[in-house]
Amino acid sequence: MTTPNPTKLFLLLILLLFNYRAIGQTTVGQQYGFSIDIPVQWQSYHLKEGDEILYLFMSFDGQVNMEIRLFPLEANAHIFDLVSTFEKDELPTGFECAILKDYANANNVNGKMGIYYGYINGKAESISVFYYINKNKGYILSTTVPVDRQQEKENVILSILDSFKFLNP
């Protein structure tokens, strides 16, 4: 029996990983100055209303909802303007902020992260929100997950959020 060539094995491994990434994810947002990788099995919707861009995603099992909201900001806008906008206009009634802290993802995109807990239709839910500003645009990325599934879904959510980057920082 011959020993496999390590170089061929390495190239085969790289090819398999590349194919998995190409088949397993789809990248969205390039036309709006950002990119993020979403699993291809997820349902996705893209809406544009005036100057506001909205992407909606739902995991194949319906347990994770993700939203990306992009909108223009005044030149002197601050990250806390995004936080107050989300908490006032988007956060369901009764949700409480458990954490609000500085955050940088794997692509070194800096912003704030908020984690909120509450109930939707009597079911405990967690909403994780990531706030970013780039070139007078506000980006709010939020995920909603049942609290009892949060740990199970954490890796896929973090891998998606870690793929987020600005194309022209």
# chains A, B, ... in the order shown; residues from 1 in each chain; ligands from 1
>>> closest_atom_pairs(of="region 88-160 of chain A", to="region 33-44 of chain A", cutoff="10 Å", atoms="only C-alpha atoms", output="CSV")
residue,atom,partner,partner_atom,distance
A:Asn134,CA,A:Gly33,CA,9.2
A:Lys135,CA,A:Gly33,CA,9.7
A:Lys137,CA,A:Gly33,CA,9.9
A:Tyr139,CA,A:Phe34,CA,9.7
A:Val156,CA,A:Pro39,CA,8.9
A:Ile157,CA,A:Ile38,CA,9.5
A:Ser159,CA,A:Asp37,CA,8.4
A:Ile160,CA,A:Asp37,CA,5.8
>>> residues_around(residues="Asn136 (chain A)", least_positions_apart="2", cutoff="12 Å", atoms="only C-alpha atoms", output="ChimeraX atom specification")
/A:33,70-79,82,132-134,138-139,169
>>> write_last_selection(atoms="C-alpha atoms", output="compact mmCIF listing (two decimals), in the first residue's frame")
# COMPACT_ATOMS: atom_id res chain seq x y z
CA GLY A 33 -21.41 48.47 0.71
CA LEU A 70 -29.46 49.81 6.78
CA PHE A 71 -30.37 53.48 6.66
CA PRO A 72 -28.76 56.91 6.15
CA LEU A 73 -27.64 58.93 9.19
CA GLU A 74 -26.86 62.56 9.85
CA ALA A 75 -23.14 63.37 9.67
CA ASN A 76 -22.86 63.75 13.45
CA ALA A 77 -24.83 60.60 14.37
CA HIS A 78 -23.47 58.46 17.18
CA ILE A 79 -23.78 54.72 17.81
CA LEU A 82 -28.85 53.53 16.62
CA TYR A 132 -22.53 49.66 13.39
CA ILE A 133 -21.94 52.99 11.63
CA ASN A 134 -19.99 53.35 8.38
CA GLY A 138 -26.45 52.96 10.25
CA TYR A 139 -26.45 49.17 10.29
CA PRO A 169 -14.51 51.02 5.22
>>> atom_distance(atom1="CA of Met58 (chain A)", atom2="CA of Asp102 (chain A)")
26.3 Å
>>> closest_residue(among="A:Val28, A:Ile53, A:Leu158, A:Leu47", to="Ala104 (chain A)", atoms="only C-alpha atoms")
A:Leu158
>>> select_by_dssp(residues="region 49-142 of chain A", states="helix (DSSP H, G or I)", output="ChimeraX atom specification")
/A:79-89
>>> write_last_selection(atoms="N, CA and C atoms", output="compact mmCIF listing (two decimals), in the first residue's frame")
# COMPACT_ATOMS: atom_id res chain seq x y z
N ILE A 79 -23.31 56.10 17.69
CA ILE A 79 -23.78 54.72 17.81
C ILE A 79 -24.98 54.62 18.76
N PHE A 80 -25.02 55.49 19.77
CA PHE A 80 -26.14 55.45 20.70
C PHE A 80 -27.44 55.91 20.05
N ASP A 81 -27.35 56.66 18.94
CA ASP A 81 -28.55 56.99 18.17
C ASP A 81 -29.18 55.73 17.58
N LEU A 82 -28.34 54.80 17.13
CA LEU A 82 -28.85 53.53 16.62
C LEU A 82 -29.51 52.72 17.72
N VAL A 83 -28.85 52.69 18.88
CA VAL A 83 -29.39 51.94 20.01
C VAL A 83 -30.76 52.48 20.39
N SER A 84 -30.89 53.79 20.53
CA SER A 84 -32.18 54.35 20.94
C SER A 84 -33.24 54.16 19.85
N THR A 85 -32.84 54.25 18.58
CA THR A 85 -33.80 54.01 17.49
C THR A 85 -34.33 52.59 17.55
N PHE A 86 -33.43 51.61 17.73
CA PHE A 86 -33.87 50.22 17.80
C PHE A 86 -34.77 49.99 19.02
N GLU A 87 -34.32 50.46 20.18
CA GLU A 87 -35.08 50.22 21.40
C GLU A 87 -36.45 50.88 21.35
N LYS A 88 -36.54 52.03 20.70
CA LYS A 88 -37.81 52.75 20.63
C LYS A 88 -38.73 52.18 19.55
N ASP A 89 -38.18 51.87 18.37
CA ASP A 89 -39.02 51.52 17.22
C ASP A 89 -39.12 50.03 16.91
>>> residues_around(residues="Glu67 (chain A)", least_positions_apart="5", cutoff="7 Å", atoms="only C-alpha atoms", output="JSON list (two decimals) with C-alpha atoms, in the first residue's frame")
[["chain", "number", "residue", "atom", "x", "y", "z"],
["A", 55, "TYR", "CA", -32.89, 42.03, 4.73],
["A", 56, "LEU", "CA", -34.89, 39.35, 6.55],
["A", 57, "PHE", "CA", -33.65, 35.79, 7.04],
["A", 141, "LEU", "CA", -28.17, 43.44, 12.72],
["A", 142, "SER", "CA", -30.55, 41.58, 14.99],
["A", 143, "THR", "CA", -31.24, 37.92, 15.67]]
>>> select_by_dssp(residues="chain A", states="strand (DSSP E or B)", output="NGL selection string")
:A and (25-28 or 34-39 or 43-49 or 52-58 or 65-72 or 96-104 or 110-120 or 123-134 or 137-146 or 165-166)
>>> residues_around(residues="Gly114 (chain A)", least_positions_apart="6", cutoff="10 Å", atoms="only C-alpha atoms", output="short mmCIF file (atom, residue, chain, number, x, y, z; two decimals) with C-alpha atoms, in the first residue's frame")
data_model
loop_
_atom_site.label_atom_id
_atom_site.label_comp_id
_atom_site.auth_asym_id
_atom_site.auth_seq_id
_atom_site.Cartn_x
_atom_site.Cartn_y
_atom_site.Cartn_z
CA VAL A 83 -29.39 51.94 20.01
CA CYS A 97 -31.63 45.05 27.93
CA ALA A 98 -29.34 42.57 29.72
CA ILE A 99 -26.07 43.66 28.08
CA LEU A 100 -24.91 46.65 26.05
CA LYS A 101 -21.18 46.69 25.35
CA ASP A 102 -18.50 47.47 22.77
CA TYR A 103 -18.09 44.69 20.25
CA ILE A 127 -32.74 39.24 20.77
CA SER A 128 -29.07 39.93 20.05
CA VAL A 129 -28.43 43.23 18.29
CA PHE A 130 -25.25 44.54 16.68
CA TYR A 131 -25.00 48.25 15.93
CA SER A 142 -30.55 41.58 14.99
#
>>> atom_distance(atom1="CA of Val145 (chain A)", atom2="CA of Asn105 (chain A)")
19.5 Å
>>> atom_distance(atom1="CA of Asn110 (chain A)", atom2="CA of Thr93 (chain A)")
27.9 Å
>>> residues_around(residues="Gly94 (chain A)", least_positions_apart="6", cutoff="12 Å", atoms="only C-alpha atoms", output="list in words")
Glu87, Lys88, Tyr116, Tyr117, Gly118, Tyr119, Ile120, Asn121, Gly122, Ala124 and Glu125 of chain A
>>> write_last_selection(atoms="C-alpha atoms", output="PDB file, in the first residue's frame")
ATOM      1  CA  GLU A  87     -35.082  50.217  21.400  1.00  0.00           C
ATOM      2  CA  LYS A  88     -37.815  52.753  20.626  1.00  0.00           C
ATOM      3  CA  TYR A 116     -32.377  41.710  25.213  1.00  0.00           C
ATOM      4  CA  TYR A 117     -34.720  39.209  26.856  1.00  0.00           C
ATOM      5  CA  GLY A 118     -38.488  39.066  26.895  1.00  0.00           C
ATOM      6  CA  TYR A 119     -41.533  37.132  25.751  1.00  0.00           C
ATOM      7  CA  ILE A 120     -43.186  36.833  22.360  1.00  0.00           C
ATOM      8  CA  ASN A 121     -46.541  35.026  22.411  1.00  0.00           C
ATOM      9  CA  GLY A 122     -45.744  33.678  25.891  1.00  0.00           C
ATOM     10  CA  ALA A 124     -39.073  33.360  26.243  1.00  0.00           C
ATOM     11  CA  GLU A 125     -36.972  34.903  23.457  1.00  0.00           C
TER      12      GLU A 125
END
>>> closest_residue(among="A:Phe166, A:Lys153, A:Pro92, A:Tyr32", to="Asp61 (chain A)", atoms="only C-alpha atoms")
A:Lys153
>>> closest_residue(among="A:Val109, A:Ser59, A:Asn65, A:Leu54", to="Gly29 (chain A)", atoms="only C-alpha atoms")
A:Leu54
